[in-house]
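Everything below belongs to work-v3.tsv, which stores TSV, C-alpha atoms.
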```tsv
chain	number	residue	atom	x	y	z
A	1	MET	CA	-7.43	-34.18	5.36
A	2	LEU	CA	-6.38	-34.01	9.00
A	3	GLY	CA	-7.39	-31.04	11.11
A	4	ARG	CA	-4.37	-29.04	12.33
A	5	SER	CA	-5.37	-27.16	15.47
A	6	ALA	CA	-1.91	-27.82	16.95
A	7	VAL	CA	0.27	-29.16	14.13
A	8	GLY	CA	0.40	-28.07	10.48
A	9	MET	CA	2.19	-29.08	7.30
A	10	GLY	CA	4.90	-27.04	5.63
A	11	ALA	CA	7.87	-27.02	3.32
A	12	ALA	CA	10.30	-29.89	2.80
A	13	LEU	CA	11.17	-32.08	-0.19
A	14	PHE	CA	13.09	-35.36	0.21
A	15	LEU	CA	14.45	-37.30	-2.77
A	16	GLY	CA	15.30	-40.95	-2.28
A	17	ALA	CA	18.61	-42.49	-3.29
A	18	VAL	CA	19.37	-44.33	-6.55
A	19	SER	CA	16.29	-44.71	-8.76
A	20	VAL	CA	13.69	-44.82	-5.99
A	21	GLN	CA	12.04	-41.53	-5.08
A	22	ALA	CA	10.80	-41.48	-1.51
A	23	GLU	CA	7.55	-39.82	-0.61
A	24	ALA	CA	7.94	-36.13	0.17
A	25	GLN	CA	7.63	-35.52	3.89
A	26	PRO	CA	5.80	-32.43	5.11
A	27	ALA	CA	7.41	-30.24	7.74
A	28	ARG	CA	5.29	-29.51	10.78
A	29	TYR	CA	4.26	-26.39	12.60
A	30	THR	CA	2.98	-25.58	16.05
A	31	PHE	CA	0.45	-22.77	16.18
A	32	THR	CA	0.27	-20.03	18.81
A	33	THR	CA	-3.02	-18.17	19.05
A	34	LEU	CA	-2.05	-14.57	19.84
A	35	ILE	CA	-5.52	-13.09	19.35
A	36	ASP	CA	-8.86	-14.91	19.43
A	37	SER	CA	-11.95	-12.75	18.83
A	38	GLN	CA	-14.09	-15.04	21.01
A	39	ARG	CA	-11.64	-14.94	23.90
A	40	ASP	CA	-10.21	-11.42	23.70
A	41	GLY	CA	-13.19	-9.23	22.78
A	42	VAL	CA	-11.54	-7.88	19.64
A	43	SER	CA	-12.09	-8.84	16.03
A	44	VAL	CA	-9.17	-9.03	13.64
A	45	GLU	CA	-9.34	-6.53	10.79
A	46	ARG	CA	-8.79	-7.93	7.30
A	47	THR	CA	-5.33	-6.44	7.08
A	48	CYS	CA	-2.17	-8.51	7.19
A	49	ALA	CA	-0.09	-9.21	10.27
A	50	ALA	CA	3.68	-8.62	10.31
A	51	ILE	CA	6.34	-10.49	12.30
A	52	ASN	CA	9.90	-9.68	13.41
A	53	SER	CA	12.87	-11.92	14.20
A	54	SER	CA	11.85	-12.46	17.85
A	55	GLY	CA	8.38	-13.65	16.83
A	56	THR	CA	6.58	-10.46	17.89
A	57	VAL	CA	3.55	-9.92	15.67
A	58	ALA	CA	1.88	-6.61	14.77
A	59	ALA	CA	-1.80	-6.63	13.79
A	60	VAL	CA	-4.84	-4.37	13.51
A	61	VAL	CA	-7.88	-5.30	15.60
A	62	ARG	CA	-11.25	-3.76	16.47
A	63	ASN	CA	-12.64	-3.48	19.99
A	64	GLN	CA	-15.97	-5.29	19.77
A	65	GLU	CA	-17.66	-3.40	22.60
A	66	GLU	CA	-16.64	0.19	21.82
A	67	GLY	CA	-15.88	-0.13	18.11
A	68	PHE	CA	-12.52	1.62	17.98
A	69	VAL	CA	-9.57	0.16	16.06
A	70	GLN	CA	-6.21	-0.66	17.64
A	71	LEU	CA	-2.79	-1.39	16.20
A	72	ILE	CA	-1.15	-3.81	18.62
A	73	THR	CA	1.82	-6.11	19.03
A	74	LYS	CA	1.86	-9.51	20.77
A	75	GLN	CA	4.74	-11.87	21.48
A	76	SER	CA	3.04	-14.74	23.30
A	77	ALA	CA	-0.42	-16.13	23.94
A	78	THR	CA	-0.49	-14.82	27.52
A	79	ASP	CA	1.18	-11.40	27.41
A	80	ALA	CA	-0.95	-8.26	27.34
A	81	PRO	CA	-1.07	-6.61	23.91
A	82	VAL	CA	1.09	-3.52	23.45
A	83	VAL	CA	-1.05	-0.77	21.92
A	84	ILE	CA	0.84	1.20	19.29
A	85	ALA	CA	-2.09	3.43	18.28
A	86	ASP	CA	-5.89	3.48	18.26
A	87	THR	CA	-8.71	5.48	16.71
A	88	ARG	CA	-10.09	7.18	19.82
A	89	GLN	CA	-10.12	11.00	19.96
A	90	ALA	CA	-7.14	12.71	21.59
A	91	ALA	CA	-6.48	16.44	21.29
A	92	ASP	CA	-3.16	17.45	19.67
A	93	TYR	CA	-2.38	13.80	18.99
A	94	PRO	CA	-0.31	12.64	17.22
A	95	THR	CA	0.72	16.22	16.27
A	96	PHE	CA	-0.53	19.79	16.79
A	97	CYS	CA	-4.23	20.28	15.88
A	98	ASP	CA	-4.69	16.56	15.27
A	99	ASN	CA	-7.50	14.87	17.19
A	100	GLY	CA	-6.49	11.24	16.96
A	101	PHE	CA	-6.85	8.80	14.09
A	102	THR	CA	-10.04	8.08	12.18
A	103	ALA	CA	-8.57	4.97	10.57
A	104	ILE	CA	-5.40	2.88	10.40
A	105	PRO	CA	-5.68	1.71	6.79
A	106	SER	CA	-2.25	0.21	6.16
A	107	ASP	CA	-0.75	-3.17	6.89
A	108	PRO	CA	1.76	-2.67	9.72
A	109	SER	CA	5.51	-3.03	9.27
A	110	ILE	CA	7.57	-4.11	12.31
A	111	ASN	CA	11.33	-4.15	12.89
A	112	ASP	CA	13.40	-6.23	15.30
A	113	LEU	CA	13.25	-3.50	17.96
A	114	GLY	CA	9.48	-3.82	18.09
A	115	GLU	CA	8.93	-0.48	16.34
A	116	VAL	CA	5.87	-0.50	14.10
A	117	ALA	CA	5.42	1.82	11.10
A	118	PHE	CA	1.92	2.53	9.87
A	119	GLN	CA	-0.22	5.04	8.03
A	120	GLY	CA	-2.99	6.88	9.86
A	121	ASN	CA	-5.91	8.97	8.64
A	122	ILE	CA	-6.23	11.84	11.09
A	123	ARG	CA	-9.22	13.56	12.69
A	124	ARG	CA	-9.09	17.37	12.77
A	125	LEU	CA	-9.23	19.37	16.00
A	126	THR	CA	-11.29	22.55	15.45
A	127	THR	CA	-12.27	23.58	18.98
A	128	ARG	CA	-9.40	26.08	19.24
A	129	THR	CA	-9.02	29.18	17.06
A	130	GLU	CA	-5.52	28.26	15.91
A	131	CYS	CA	-6.81	24.86	14.75
A	132	ALA	CA	-9.71	26.28	12.73
A	133	THR	CA	-7.64	27.87	9.96
A	134	PRO	CA	-8.20	26.60	6.39
A	135	GLU	CA	-4.80	24.91	6.41
A	136	GLN	CA	-5.34	23.14	9.72
A	137	ARG	CA	-8.87	22.08	8.71
A	138	ALA	CA	-7.60	20.35	5.55
A	139	ARG	CA	-7.51	16.59	5.14
A	140	ARG	CA	-4.71	15.06	7.19
A	141	GLN	CA	-2.72	11.87	6.85
A	142	GLY	CA	0.58	10.67	8.18
A	143	VAL	CA	3.09	7.88	8.56
A	144	PHE	CA	4.19	7.14	12.11
A	145	LEU	CA	6.55	4.90	14.07
A	146	GLY	CA	5.86	3.59	17.56
A	147	SER	CA	6.57	0.83	20.04
A	148	GLY	CA	3.93	1.51	22.69
A	149	GLY	CA	4.83	5.00	23.91
A	150	ALA	CA	4.81	8.35	22.14
A	151	LEU	CA	4.68	8.14	18.36
A	152	THR	CA	7.42	9.45	16.08
A	153	THR	CA	6.05	11.35	13.10
A	154	ILE	CA	7.80	10.12	9.97
A	155	ALA	CA	5.78	12.29	7.60
A	156	HIS	CA	2.62	14.40	7.87
A	157	THR	CA	0.43	16.16	5.32
A	158	ILE	CA	0.32	19.42	7.30
A	159	ASN	CA	2.75	19.41	10.21
A	160	LEU	CA	6.46	18.72	9.88
A	161	PRO	CA	8.28	16.63	8.85
A	162	GLY	CA	7.14	16.74	5.26
A	163	GLY	CA	4.02	18.73	5.92
A	164	ASP	CA	5.14	21.73	3.91
A	165	PHE	CA	4.94	19.81	0.62
A	166	ILE	CA	3.09	16.50	1.08
A	167	SER	CA	-0.53	16.29	-0.09
A	168	GLU	CA	-1.40	12.67	0.72
A	169	PHE	CA	0.03	9.17	0.81
A	170	LEU	CA	-0.64	6.94	-2.18
A	171	VAL	CA	0.90	3.69	-0.98
A	172	ALA	CA	-0.58	2.60	2.33
A	173	ASP	CA	1.95	-0.14	2.96
A	174	GLN	CA	5.18	1.46	4.16
A	175	SER	CA	8.26	-0.47	5.29
A	176	VAL	CA	10.58	0.03	8.29
A	177	ASN	CA	14.04	-1.41	8.95
A	178	ASN	CA	16.06	-1.88	12.15
A	179	LEU	CA	17.67	1.56	11.78
A	180	GLY	CA	14.27	3.16	12.13
A	181	GLN	CA	14.20	4.20	8.48
A	182	VAL	CA	10.75	4.11	6.84
A	183	ALA	CA	10.14	3.96	3.08
A	184	ILE	CA	7.02	5.77	1.84
A	185	VAL	CA	5.48	6.96	-1.44
A	186	PRO	CA	3.61	10.26	-0.97
A	187	GLU	CA	1.84	12.55	-3.39
A	188	LEU	CA	3.16	16.12	-3.17
A	189	ASP	CA	1.24	19.40	-3.07
A	190	ASN	CA	2.34	20.18	-6.64
A	191	GLY	CA	0.87	16.91	-7.99
A	192	ASP	CA	4.25	15.17	-8.21
A	193	SER	CA	4.94	11.85	-6.47
A	194	GLY	CA	8.05	9.99	-5.46
A	195	LEU	CA	9.88	7.58	-3.23
A	196	PHE	CA	11.13	8.94	0.12
A	197	THR	CA	12.59	7.74	3.39
A	198	GLY	CA	11.93	9.20	6.81
A	199	SER	CA	13.42	8.06	10.10
A	200	ARG	CA	13.06	8.07	13.85
A	201	ASN	CA	15.94	10.59	13.88
A	202	GLY	CA	13.86	13.15	11.97
A	203	THR	CA	15.61	12.84	8.59
A	204	PHE	CA	13.49	12.97	5.45
A	205	ASP	CA	15.22	12.11	2.19
A	206	GLU	CA	14.16	11.89	-1.46
A	207	ARG	CA	15.07	8.84	-3.53
A	208	PHE	CA	13.35	10.02	-6.73
A	209	LEU	CA	10.50	12.15	-8.07
A	210	ASP	CA	8.23	11.11	-10.92
A	211	SER	CA	8.89	14.46	-12.61
A	212	GLN	CA	12.54	13.49	-13.04
A	213	GLY	CA	11.44	11.04	-15.73
A	214	LEU	CA	13.08	7.89	-14.34
A	215	PHE	CA	9.89	6.32	-12.98
A	216	ASP	CA	6.18	6.79	-12.60
A	217	THR	CA	4.51	6.38	-9.22
A	218	PRO	CA	5.18	2.93	-7.70
A	219	SER	CA	1.85	1.14	-7.75
A	220	SER	CA	2.34	-1.53	-5.09
A	221	ARG	CA	3.86	-1.78	-1.63
A	222	VAL	CA	7.52	-0.97	-1.03
A	223	SER	CA	9.92	-3.15	0.96
A	224	MET	CA	13.16	-1.96	2.63
A	225	ASN	CA	16.07	-3.95	4.05
A	226	GLU	CA	18.76	-3.19	6.65
A	227	SER	CA	21.08	-1.70	4.03
A	228	GLY	CA	18.46	0.87	3.07
A	229	GLN	CA	17.72	-0.80	-0.25
A	230	ILE	CA	14.06	-0.31	-1.23
A	231	ALA	CA	12.31	-2.71	-3.58
A	232	PHE	CA	9.40	-1.22	-5.53
A	233	GLU	CA	7.28	-1.89	-8.61
A	234	ASP	CA	7.27	0.58	-11.51
A	235	SER	CA	6.92	-1.10	-14.92
A	236	GLY	CA	9.09	-3.81	-13.43
A	237	ILE	CA	10.65	-4.64	-10.08
A	238	TRP	CA	13.44	-2.27	-9.07
A	239	ILE	CA	15.72	-1.66	-6.12
A	240	SER	CA	16.53	1.90	-5.04
A	241	ASN	CA	20.02	1.81	-3.54
A	242	PRO	CA	21.12	4.31	-0.85
A	243	ASP	CA	23.88	5.65	-3.14
A	244	GLY	CA	21.28	6.91	-5.63
A	245	THR	CA	21.61	4.06	-8.15
A	246	PHE	CA	18.89	1.62	-9.20
A	247	THR	CA	18.97	-2.10	-9.91
A	248	GLN	CA	16.37	-3.73	-12.13
A	249	ILE	CA	15.24	-7.11	-10.83
A	250	ALA	CA	12.56	-7.86	-13.45
A	251	GLY	CA	11.08	-6.05	-16.42
A	252	GLY	CA	7.42	-5.51	-17.10
A	253	ASN	CA	5.30	-4.95	-20.19
A	254	ASP	CA	1.77	-5.46	-21.54
A	255	ARG	CA	2.23	-9.23	-21.52
A	256	PHE	CA	4.22	-9.60	-18.30
A	257	SER	CA	3.34	-7.61	-15.17
A	258	VAL	CA	4.95	-7.80	-11.75
A	259	GLY	CA	4.20	-6.50	-8.27
A	260	ASP	CA	4.25	-6.96	-4.49
A	261	PRO	CA	8.02	-7.02	-3.84
A	262	SER	CA	9.55	-8.36	-0.62
A	263	ILE	CA	13.31	-7.79	-0.22
A	264	ASN	CA	15.70	-9.59	2.11
A	265	ARG	CA	18.99	-8.52	3.71
A	266	PHE	CA	21.01	-9.67	0.70
A	267	GLY	CA	19.08	-7.73	-1.93
A	268	THR	CA	17.08	-10.68	-3.24
A	269	VAL	CA	13.45	-9.84	-4.01
A	270	ALA	CA	10.39	-12.09	-4.14
A	271	PHE	CA	7.48	-10.79	-6.21
A	272	SER	CA	4.26	-11.83	-7.92
A	273	THR	CA	3.84	-12.09	-11.70
A	274	SER	CA	1.10	-12.22	-14.31
A	275	GLU	CA	2.02	-13.39	-17.81
A	276	PHE	CA	-0.10	-13.88	-20.92
A	277	LYS	CA	0.88	-16.71	-23.26
A	278	ARG	CA	-1.35	-17.29	-26.28
A	279	ASP	CA	-4.05	-15.28	-24.46
A	280	GLU	CA	-3.84	-17.58	-21.44
A	281	GLN	CA	-2.95	-15.93	-18.14
A	282	LEU	CA	-0.23	-17.57	-16.06
A	283	LEU	CA	0.28	-16.32	-12.51
A	284	GLY	CA	3.35	-16.94	-10.40
A	285	ILE	CA	5.88	-15.98	-7.76
A	286	TYR	CA	9.56	-15.44	-8.61
A	287	THR	CA	12.74	-14.32	-6.86
A	288	GLY	CA	15.67	-12.39	-8.31
A	289	ASN	CA	18.65	-10.21	-7.42
A	290	GLY	CA	19.51	-8.64	-10.75
A	291	GLY	CA	20.43	-11.77	-12.70
A	292	GLU	CA	18.35	-14.71	-13.86
A	293	LEU	CA	14.97	-15.06	-12.21
A	294	GLU	CA	14.06	-18.15	-10.20
A	295	ARG	CA	10.51	-19.45	-10.28
A	296	VAL	CA	9.08	-20.36	-6.88
A	297	VAL	CA	5.63	-21.44	-8.05
A	298	ASP	CA	3.14	-20.76	-10.83
A	299	SER	CA	-0.44	-21.53	-11.78
A	300	LYS	CA	0.45	-24.37	-14.16
A	301	GLY	CA	0.21	-26.70	-11.19
A	302	PRO	CA	-2.31	-27.03	-8.35
A	303	TYR	CA	-2.53	-23.29	-7.61
A	304	SER	CA	-4.76	-20.85	-9.48
A	305	SER	CA	-3.81	-17.47	-7.98
A	306	PHE	CA	-1.50	-15.87	-5.41
A	307	LEU	CA	-1.31	-12.96	-3.02
A	308	GLU	CA	1.95	-11.18	-2.29
A	309	PRO	CA	4.90	-13.33	-1.17
A	310	SER	CA	7.09	-12.90	1.91
A	311	LEU	CA	10.83	-13.65	1.68
A	312	ASN	CA	13.32	-14.18	4.51
A	313	ASP	CA	17.13	-13.99	4.58
A	314	LEU	CA	17.44	-17.76	4.13
A	315	GLY	CA	15.58	-17.63	0.82
A	316	MET	CA	12.38	-19.20	2.16
A	317	VAL	CA	9.13	-17.87	0.66
A	318	ALA	CA	5.64	-17.97	2.19
A	319	PHE	CA	2.51	-16.91	0.34
A	320	THR	CA	-1.28	-17.05	0.29
A	321	ALA	CA	-2.82	-18.84	-2.69
A	322	ASP	CA	-6.04	-20.28	-4.09
A	323	LEU	CA	-5.96	-23.92	-5.14
A	324	ASP	CA	-7.64	-25.38	-8.20
A	325	GLU	CA	-9.56	-27.56	-5.71
A	326	PHE	CA	-12.93	-26.77	-4.18
A	327	ASP	CA	-14.05	-27.62	-0.67
A	328	PRO	CA	-16.80	-30.26	-1.05
A	329	ALA	CA	-18.49	-29.07	2.15
A	330	THR	CA	-18.87	-25.43	1.09
A	331	GLY	CA	-18.33	-25.47	-2.67
A	332	ARG	CA	-15.75	-22.70	-2.25
A	333	GLN	CA	-12.31	-22.67	-3.78
A	334	ILE	CA	-9.72	-23.75	-1.21
A	335	GLN	CA	-7.42	-20.94	-0.08
A	336	GLY	CA	-4.52	-21.11	2.34
A	337	VAL	CA	-0.91	-20.33	3.24
A	338	TYR	CA	1.86	-22.32	1.57
A	339	THR	CA	5.66	-22.38	1.28
A	340	GLY	CA	6.27	-24.13	-2.04
A	341	PRO	CA	4.86	-25.71	-5.21
A	342	ASN	CA	3.31	-28.86	-3.69
A	343	PRO	CA	0.29	-28.16	-1.45
A	344	ARG	CA	0.43	-31.68	-0.02
A	345	VAL	CA	3.93	-30.99	1.26
A	346	HIS	CA	3.97	-27.20	1.57
A	347	THR	CA	0.69	-26.42	3.31
A	348	VAL	CA	0.87	-24.41	6.53
A	349	LEU	CA	-2.88	-23.88	7.05
A	350	GLN	CA	-5.78	-23.79	4.60
A	351	ALA	CA	-9.55	-23.52	4.32
A	352	GLY	CA	-11.28	-26.65	5.58
A	353	ASP	CA	-8.69	-27.32	8.29
A	354	LEU	CA	-9.68	-27.25	11.95
A	355	TYR	CA	-8.25	-24.48	14.09
A	356	GLU	CA	-9.24	-24.00	17.75
A	357	GLY	CA	-12.16	-26.35	17.14
A	358	VAL	CA	-13.65	-24.43	14.22
A	359	VAL	CA	-13.29	-24.84	10.46
A	360	VAL	CA	-11.01	-22.34	8.72
A	361	SER	CA	-12.72	-20.39	5.94
A	362	SER	CA	-9.79	-18.16	4.96
A	363	VAL	CA	-6.24	-17.39	6.04
A	364	VAL	CA	-4.02	-14.57	4.82
A	365	THR	CA	-0.37	-13.50	4.82
A	366	CYS	CA	1.46	-10.59	3.18
A	367	SER	CA	5.01	-9.44	2.45
A	368	GLU	CA	6.19	-9.19	6.10
A	369	SER	CA	4.59	-12.38	7.38
A	370	LEU	CA	7.75	-14.55	7.47
A	371	ASN	CA	10.83	-14.21	9.69
A	372	ASN	CA	14.28	-15.83	9.58
A	373	ALA	CA	13.24	-18.57	12.02
A	374	GLY	CA	10.65	-19.66	9.46
A	375	GLU	CA	7.81	-18.42	11.67
A	376	ILE	CA	4.74	-17.16	9.81
A	377	ALA	CA	2.22	-14.58	11.06
A	378	MET	CA	-1.29	-15.24	9.75
A	379	THR	CA	-4.75	-13.75	10.07
A	380	VAL	CA	-7.25	-16.62	10.21
A	381	PHE	CA	-11.03	-16.46	9.80
A	382	SER	CA	-13.79	-18.99	10.43
A	383	GLU	CA	-17.31	-18.16	9.24
A	384	ASP	CA	-20.26	-20.08	10.68
A	385	PRO	CA	-22.19	-21.35	7.62
A	386	GLU	CA	-25.55	-20.97	9.41
A	387	THR	CA	-25.23	-17.68	11.32
A	388	PHE	CA	-22.47	-16.14	9.13
A	389	GLU	CA	-20.75	-14.99	12.31
A	390	VAL	CA	-16.99	-14.74	11.90
A	391	ARG	CA	-14.44	-15.83	14.50
A	392	SER	CA	-11.02	-14.36	13.79
A	393	PHE	CA	-7.49	-15.09	14.97
A	394	VAL	CA	-3.97	-13.74	14.80
A	395	VAL	CA	-1.73	-16.80	14.65
A	396	ARG	CA	2.00	-17.48	14.66
A	397	ALA	CA	3.05	-20.72	12.99
A	398	THR	CA	6.42	-22.03	14.24
A	399	PRO	CA	8.25	-24.86	12.40
A	400	THR	CA	9.11	-27.79	14.63
A	401	ARG	CA	11.85	-29.12	12.37
```

Whole structure, structure tokens version:
Amino acid sequence: MLGRSAVGMGAALFLGAVSVQAEAQPARYTFTTLIDSQRDGVSVERTCAAINSSGTVAAVVRNQEEGFVQLITKQSATDAPVVIADTRQAADYPTFCDNGFTAIPSDPSINDLGEVAFQGNIRRLTTRTECATPEQRARRQGVFLGSGGALTTIAHTINLPGGDFISEFLVADQSVNNLGQVAIVPELDNGDSGLFTGSRNGTFDERFLDSQGLFDTPSSRVSMNESGQIAFEDSGIWISNPDGTFTQIAGGNDRFSVGDPSINRFGTVAFSTSEFKRDEQLLGIYTGNGGELERVVDSKGPYSSFLEPSLNDLGMVAFTADLDEFDPATGRQIQGVYTGPNPRVHTVLQAGDLYEGVVVSSVVTCSESLNNAGEIAMTVFSEDPETFEVRSFVVRATPTR
């Protein structure tokens, strides 16, 4: 296998004319190192990076010297990172009686304006009398939107908006669109849960409550498009439409489970599946828009398992997967990022490849890792087999054809 520190393989199938089938030709990628833990003094957290249409990538990193966590965006290898939020103490930040974030646990979601939505666990400020009341001392969480300046509070467990009835947030992976609308799934003070949208304009709207009997709590990330459609998993893959209706994309039962939806502008959803046939588990990735489902890939072939897919408006899908193969050097199962059913043709980057002069040990994408230019945001890790030290990267893969 060739090392791919500058050029990778990707998705393309070519069928020869007449009865002769030509060899499938891999597409190629150039890689841009946005963050390098050795160079930049920050380590990349094991959360997923997100990318928007201009190639700006949002990622969570940790300052190696001082230990605090930062949510940042980067557009090129040489620009300074834009800090969206960090975990240092700051009185009355992001809202009254808050004292900064203790953690940024969610994968970020970024729109084309560079606004990043994220969930934050919040430190309590108790040095003032008005901040030492039982209510203000309670556990605090929130969903926020920012682009490098002041944060917009989308929802908060104590302070408005939402703070008069939200208990905590169950789904850490929110989704933002270009209108500044953010889809979230909070638990309410009365024990109920539901699907809601907040926005940069201060609106906060209910899509459904579990107590209404239509759904239980969505158990995987949500994904929202520019039309305000929200894809979610709840005993199947569903779309919540802005007019209050729902579209079922795929059903689910004891033998066929689904999750991890990623919706595009046209209402098509990519999602992961797990199916039992004669007590044998078959994993896969499918797409659908309310009609017949289309299989992207499954574990009948060279793959054994998959993480959540990412879908763009052109119908391209990128995903992280484990192969049935094992790396002879380490004995570990080979894992990487792919764009189709044939790893020889559809590999972007995988364990065992060279990147920046070191051997890749793992590479991860999630549901917002692919944009309409076919660029893929990846978190890449290389573990030294002798010292076990980890070098980490945030990488943008750009197709060259």

For a cut-off of 10 Å around (3.4, -26.3, -9.9), file coordinates, pick out all residues using only C-alpha atoms and list them as a list in words.
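Residues satisfying the cut-off, written out: Gly284, Arg295, Val296, Val297, Asp298, Ser299, Lys300, Gly301, Pro302, Tyr303, Ser304, Gly340, Pro341, Asn342 and Pro343 of chain A.
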
I need every residue sitting at most 6 Å from the point (2.3, -10.3, -6.3) (coordinates as in the file, all atoms listed in the file considered), written as a ChimeraX atom specification.
/A:259-260,271-273,307-308

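Here the question is which of A:Gln350, A:Asn264, A:Thr32, A:Ser367 gets nearest to A:Arg221 using all atoms listed in the file, and that residue is A:Ser367.
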
Excluding same-chain residues fewer than 6 positions from A:Ile72, what lies within 8 Å of it counting only C-alpha atoms, as a PyMOL selection string?
chain A and resi 58-61+81-85

Which residues, written as a ChimeraX atom specification, have at least one atom at most 7 Å from A:Ala397, with all atoms listed in the file counted and residues fewer than 2 positions away on the same chain left out?
/A:29-32,375-377,395,399

For atom CA of A:Ala373 and atom CA of A:Thr398, determine how far apart the two atoms are, in Å to one decimal place.
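That distance, rounded to one decimal, is 8.0 Å.
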
8 Å contact set for A:Gln333, all atoms listed in the file, chain neighbours under 2 positions out, as a PyMOL selection string:
chain A and resi 322-327+331+335

Atom-to-atom span, atom CA of A:Leu314 and atom CA of A:Arg207, Å
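Pair atom CA of A:Leu314 / atom CA of A:Arg207 returns 27.8 Å.
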
Quick one: axis-aligned box around all listed atoms of stretch 362-378 of chain A, 8 Å on every side, centre and edge lengths in Å to one decimal, written as JSON.
```
{"center_x": 2.2, "center_y": -14.4, "center_z": 7.2, "size_x": 40.1, "size_y": 26.5, "size_z": 25.6}
```
